[in-house]
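Here is the file target.txt (compact mmCIF, C-alpha atoms).
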# COMPACT_ATOMS: atom_id res chain seq x y z
CA MET A 1 -5.25 -25.75 4.75
CA PHE A 2 -7.66 -22.95 4.06
CA SER A 3 -11.43 -23.06 4.08
CA LEU A 4 -14.18 -21.66 1.92
CA GLY A 5 -14.60 -17.94 2.61
CA ASP A 6 -11.11 -17.41 4.08
CA THR A 7 -9.42 -14.14 3.14
CA VAL A 8 -5.83 -14.78 2.12
CA CYS A 9 -2.80 -13.01 0.69
CA TYR A 10 -1.40 -14.41 -2.54
CA PRO A 11 2.05 -12.80 -2.98
CA LEU A 12 2.45 -10.68 -6.12
CA HIS A 13 -1.28 -10.96 -6.79
CA GLY A 14 -2.90 -9.45 -3.72
CA ILE A 15 -5.69 -10.19 -1.31
CA GLY A 16 -8.44 -12.58 -2.20
CA THR A 17 -11.24 -14.69 -0.84
CA ILE A 18 -11.44 -18.43 -1.33
CA GLU A 19 -14.67 -18.81 -3.27
CA LYS A 20 -14.39 -22.51 -4.04
CA ILE A 21 -12.26 -25.53 -3.38
CA GLU A 22 -12.65 -27.83 -6.34
CA GLU A 23 -11.08 -30.80 -8.03
CA ARG A 24 -10.06 -30.67 -11.66
CA ASP A 25 -8.78 -33.38 -13.92
CA VAL A 26 -5.76 -32.11 -15.84
CA LEU A 27 -3.87 -34.50 -18.13
CA GLY A 28 -5.31 -37.50 -16.35
CA LYS A 29 -4.37 -36.30 -12.86
CA THR A 30 -6.96 -35.05 -10.38
CA THR A 31 -5.81 -32.00 -8.45
CA THR A 32 -7.57 -29.95 -5.79
CA TYR A 33 -7.53 -26.18 -6.36
CA TYR A 34 -8.33 -23.09 -4.35
CA VAL A 35 -10.38 -20.71 -6.46
CA LEU A 36 -9.60 -17.16 -5.29
CA ARG A 37 -11.44 -13.95 -6.13
CA LEU A 38 -8.79 -11.23 -5.96
CA ILE A 39 -10.01 -7.98 -4.41
CA ASN A 40 -7.90 -5.45 -6.35
CA THR A 41 -8.41 -6.79 -9.82
CA LYS A 42 -11.68 -8.73 -9.43
CA LEU A 43 -9.93 -11.57 -11.27
CA THR A 44 -10.21 -15.21 -10.34
CA ALA A 45 -7.08 -17.28 -9.71
CA MET A 46 -6.80 -21.04 -9.37
CA LEU A 47 -4.04 -22.34 -7.17
CA PRO A 48 -3.31 -26.01 -6.52
CA VAL A 49 -3.77 -26.76 -2.83
CA GLU A 50 -0.51 -28.76 -2.80
CA THR A 51 1.55 -25.74 -3.91
CA ALA A 52 -0.22 -23.07 -1.83
CA GLU A 53 2.37 -23.05 0.93
CA SER A 54 5.36 -23.03 -1.41
CA VAL A 55 4.06 -19.96 -3.29
CA GLY A 56 3.48 -18.13 -0.01
CA LEU A 57 -0.32 -18.19 0.25
CA ARG A 58 -1.07 -17.08 3.81
CA ARG A 59 -3.84 -15.81 6.04
CA ILE A 60 -4.15 -12.04 6.20
CA ILE A 61 -2.61 -10.25 9.15
CA THR A 62 -4.40 -9.24 12.34
CA PRO A 63 -5.21 -5.66 13.47
CA GLU A 64 -2.39 -5.92 16.02
CA GLU A 65 0.04 -6.87 13.28
CA CYS A 66 -1.12 -3.81 11.29
CA GLU A 67 -0.06 -1.53 14.13
CA ALA A 68 3.30 -3.32 14.33
CA LEU A 69 3.75 -2.82 10.57
CA PHE A 70 3.09 0.92 10.82
CA GLU A 71 5.66 1.10 13.61
CA TYR A 72 8.14 -0.89 11.52
CA TYR A 73 7.55 1.46 8.59
CA ARG A 74 8.19 4.51 10.79
CA THR A 75 11.36 3.15 12.42
CA ALA A 76 13.02 0.89 9.83
CA ASP A 77 16.19 2.16 8.22
CA PRO A 78 15.65 2.22 4.45
CA CYS A 79 18.57 0.79 2.55
CA LEU A 80 19.35 1.74 -1.01
CA GLY A 81 19.83 -1.86 -2.04
CA ASN A 82 22.30 -3.10 -4.59
CA SER A 83 23.74 -0.45 -6.92
CA ASN A 84 23.25 -2.78 -9.88
CA TRP A 85 19.69 -2.19 -11.10
CA ASN A 86 19.16 -5.74 -12.32
CA GLN A 87 20.40 -7.34 -9.10
CA ARG A 88 18.39 -4.90 -6.94
CA TYR A 89 15.26 -5.65 -8.98
CA ARG A 90 15.72 -9.41 -8.45
CA GLU A 91 16.35 -8.97 -4.72
CA ASN A 92 13.22 -6.85 -4.34
CA MET A 93 11.16 -9.26 -6.42
CA ASP A 94 12.29 -12.12 -4.16
CA LYS A 95 11.11 -10.13 -1.13
CA LEU A 96 7.72 -9.57 -2.75
CA ARG A 97 7.41 -13.25 -3.67
CA ARG A 98 7.86 -14.19 -0.01
CA GLY A 99 4.70 -12.28 0.75
CA ASP A 100 5.83 -11.30 4.24
CA PRO A 101 4.44 -7.82 4.99
CA LYS A 102 7.74 -6.63 6.50
CA SER A 103 9.56 -7.66 3.33
CA VAL A 104 7.02 -5.68 1.30
CA ILE A 105 7.67 -2.67 3.52
CA ASP A 106 11.42 -3.13 3.01
CA VAL A 107 10.86 -2.92 -0.76
CA MET A 108 8.69 0.19 -0.33
CA LEU A 109 11.31 1.87 1.86
CA CYS A 110 14.23 0.92 -0.38
CA LEU A 111 12.56 2.11 -3.58
CA GLY A 112 11.10 5.18 -1.89
CA LYS A 113 14.52 6.26 -0.65
CA ARG A 114 16.11 5.55 -4.02
CA ASN A 115 13.34 7.57 -5.72
CA SER A 116 14.11 10.54 -3.48
CA ILE A 117 17.72 10.46 -4.72
CA ARG A 118 17.07 9.83 -8.40
CA THR A 119 14.13 8.83 -10.54
CA LEU A 120 13.26 5.15 -10.54
CA SER A 121 13.16 3.13 -13.74
CA SER A 122 9.70 2.27 -15.01
CA GLY A 123 10.09 -1.31 -13.74
CA GLU A 124 10.96 -0.16 -10.23
CA ARG A 125 8.16 2.44 -10.24
CA LYS A 126 5.70 -0.31 -11.11
CA MET A 127 7.18 -2.58 -8.44
CA LEU A 128 6.84 0.17 -5.82
CA SER A 129 3.26 0.85 -6.86
CA ASN A 130 2.32 -2.86 -6.76
CA ALA A 131 3.99 -3.41 -3.37
CA LYS A 132 2.15 -0.45 -1.89
CA ALA A 133 -1.18 -1.51 -3.43
CA ILE A 134 -0.95 -5.07 -2.11
CA LEU A 135 0.04 -4.00 1.41
CA CYS A 136 -2.48 -1.17 1.61
CA THR A 137 -5.28 -3.42 0.36
CA GLU A 138 -4.52 -6.00 3.03
CA ILE A 139 -4.43 -3.41 5.81
CA SER A 140 -7.58 -1.79 4.44
CA VAL A 141 -9.43 -5.12 4.61
CA VAL A 142 -8.13 -5.91 8.10
CA LEU A 143 -8.89 -2.50 9.60
CA ASP A 144 -12.08 -2.01 7.53
CA LYS A 145 -10.93 1.42 6.34
CA PRO A 146 -10.86 2.90 2.84
CA ILE A 147 -7.68 2.11 0.95
CA GLU A 148 -7.08 5.83 0.36
CA GLU A 149 -6.88 6.37 4.12
CA ILE A 150 -4.30 3.58 4.46
CA GLU A 151 -2.25 4.95 1.54
CA ALA A 152 -2.30 8.39 3.17
CA MET A 153 -0.95 6.86 6.40
CA PHE A 154 2.04 5.50 4.48
CA ASP A 155 2.51 8.75 2.55
CA SER A 156 2.60 10.94 5.65

What is this file in structure tokens?
Amino acid sequence: MFSLGDTVCYPLHGIGTIEKIEERDVLGKTTTYYVLRLINTKLTAMLPVETAESVGLRRIITPEECEALFEYYRTADPCLGNSNWNQRYRENMDKLRRGDPKSVIDVMLCLGKRNSIRTLSSGERKMLSNAKAILCTEISVVLDKPIEEIEAMFDS
């Protein structure tokens, strides 16, 4: 369980801070919700506490894990993924839903390599951009560095 003020990663949505933990009565059932303020979009998201684990809500990584991620990014072998666009999109979306930073990097590497061979579809370009934004925001928060600096580290 998370506490008020915890910074968390909500897969596909980004990094946020738990601003409130509140109960709401919906259709006669009382449910406890995390109220998250998402950093990238400044939006608020409500997530039932009972489903937080199943949707991949997790604590943000540590500075040591950031270094390990940069090393993984430098040394991982990017695969091209499935040749069928639709299947590849679903596989990459599943990786992003997991919320595991290494899976996000796998998506970035796969789509980056594919983009160097031929232009990505608009859906895959958006997926690549979102994956990079979510990961870079998390690392930026953890290392207390500007997001542009983190993006440049991945671009170089």

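The residue that comes closest to Arg114 (chain A), out of A:Gly56, A:Pro146, A:Pro101, A:Gly81 and on the basis of only C-alpha atoms, is A:Gly81.
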
Nearby residues (all atoms listed in the file) at most 9 Å from Thr137 (chain A), same-chain spacing under 4 positions excluded, as a tab-separated table (two decimals) with C-alpha atoms, in the frame of the given file:
chain	number	residue	atom	x	y	z
A	14	GLY	CA	-2.90	-9.45	-3.72
A	15	ILE	CA	-5.69	-10.19	-1.31
A	39	ILE	CA	-10.01	-7.98	-4.41
A	40	ASN	CA	-7.90	-5.45	-6.35
A	132	LYS	CA	2.15	-0.45	-1.89
A	133	ALA	CA	-1.18	-1.51	-3.43
A	141	VAL	CA	-9.43	-5.12	4.61
A	142	VAL	CA	-8.13	-5.91	8.10
A	146	PRO	CA	-10.86	2.90	2.84
A	147	ILE	CA	-7.68	2.11	0.95
A	150	ILE	CA	-4.30	3.58	4.46
A	151	GLU	CA	-2.25	4.95	1.54

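Straight-line separation from CA of Asp100 (chain A) to CA of Leu36 (chain A): 19.1 Å.
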
Write out, as CSV, each residue of region 21-117 of chain A that has an atom at most 7 Å from region 2-8 of chain A, together with the closest pair of atoms and their distance in Å to one decimal, counting only C-alpha atoms, rows going by chain and rising number.
residue,atom,partner,partner_atom,distance
A:Ile21,CA,A:Leu4,CA,6.8
A:Leu57,CA,A:Val8,CA,6.7
A:Arg58,CA,A:Val8,CA,5.6
A:Arg59,CA,A:Val8,CA,4.5
A:Ile60,CA,A:Val8,CA,5.2

Give the answer as one residue: which of A:Ser116, A:Thr31, A:Val49, A:Asn92 has the shortest atom-to-atom distance to Ile18 (chain A), using all atoms listed in the file? A:Val49

Select, from A:Met108, A:Lys102, A:Glu19, A:Gly123, the residue with the minimum atom-to-atom distance to Glu65 (chain A), counting all atoms listed in the file. A:Lys102

Applying 12 Å and only C-alpha atoms, which residues near region 84-86 of chain A remain after dropping the ones on its own chain fewer than 2 positions away? List them as a PyMOL selection string. chain A and resi 80-82+88-93+111+114+120-124

For the residues in that selection, give me C-alpha atoms as a tab-separated table (two decimals), in the coordinates of the input.
chain	number	residue	atom	x	y	z
A	80	LEU	CA	19.35	1.74	-1.01
A	81	GLY	CA	19.83	-1.86	-2.04
A	82	ASN	CA	22.30	-3.10	-4.59
A	88	ARG	CA	18.39	-4.90	-6.94
A	89	TYR	CA	15.26	-5.65	-8.98
A	90	ARG	CA	15.72	-9.41	-8.45
A	91	GLU	CA	16.35	-8.97	-4.72
A	92	ASN	CA	13.22	-6.85	-4.34
A	93	MET	CA	11.16	-9.26	-6.42
A	111	LEU	CA	12.56	2.11	-3.58
A	114	ARG	CA	16.11	5.55	-4.02
A	120	LEU	CA	13.26	5.15	-10.54
A	121	SER	CA	13.16	3.13	-13.74
A	122	SER	CA	9.70	2.27	-15.01
A	123	GLY	CA	10.09	-1.31	-13.74
A	124	GLU	CA	10.96	-0.16	-10.23

Just checking: using only C-alpha atoms, which residue out of A:Pro63, A:Thr41, A:Ala76, A:Leu12 ends up closest to Leu128 (chain A)? A:Leu12

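Among the candidate residues A:His13, A:Lys29, A:Thr119, A:Ser103, the one lying nearest to Leu43 (chain A) is A:His13, with distances computed using only C-alpha atoms.
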
Can you build me a table of region 113-146 of chain A residues sitting at most 12 Å from region 66-71 of chain A, with the closest atom pair per residue and its distance in Å to one decimal, using all atoms listed in the file, sorted by chain and residue number, as a Markdown table?
| residue | atom | partner | partner_atom | distance |
| --- | --- | --- | --- | --- |
| A:Leu135 | CA | A:Cys66 | CA | 9.9 |
| A:Cys136 | CA | A:Cys66 | CA | 10.1 |
| A:Thr137 | CA | A:Cys66 | CA | 11.7 |
| A:Glu138 | CA | A:Cys66 | CA | 9.2 |
| A:Ile139 | CA | A:Cys66 | CA | 6.4 |
| A:Ser140 | CA | A:Cys66 | CA | 9.6 |
| A:Val141 | CA | A:Cys66 | CA | 10.7 |
| A:Val142 | CA | A:Cys66 | CA | 8.0 |
| A:Leu143 | CA | A:Cys66 | CA | 8.1 |
| A:Asp144 | CA | A:Cys66 | CA | 11.7 |

Write the residues of the preceding selection, restricted to C-alpha atoms, as a PDB file, keeping the file's coordinate frame.
ATOM      1  CA  LEU A 135       0.040  -4.000   1.410  1.00  0.00           C
ATOM      2  CA  CYS A 136      -2.480  -1.170   1.610  1.00  0.00           C
ATOM      3  CA  THR A 137      -5.280  -3.420   0.360  1.00  0.00           C
ATOM      4  CA  GLU A 138      -4.520  -6.000   3.030  1.00  0.00           C
ATOM      5  CA  ILE A 139      -4.430  -3.410   5.810  1.00  0.00           C
ATOM      6  CA  SER A 140      -7.580  -1.790   4.440  1.00  0.00           C
ATOM      7  CA  VAL A 141      -9.430  -5.120   4.610  1.00  0.00           C
ATOM      8  CA  VAL A 142      -8.130  -5.910   8.100  1.00  0.00           C
ATOM      9  CA  LEU A 143      -8.890  -2.500   9.600  1.00  0.00           C
ATOM     10  CA  ASP A 144     -12.080  -2.010   7.530  1.00  0.00           C
TER      11      ASP A 144
END
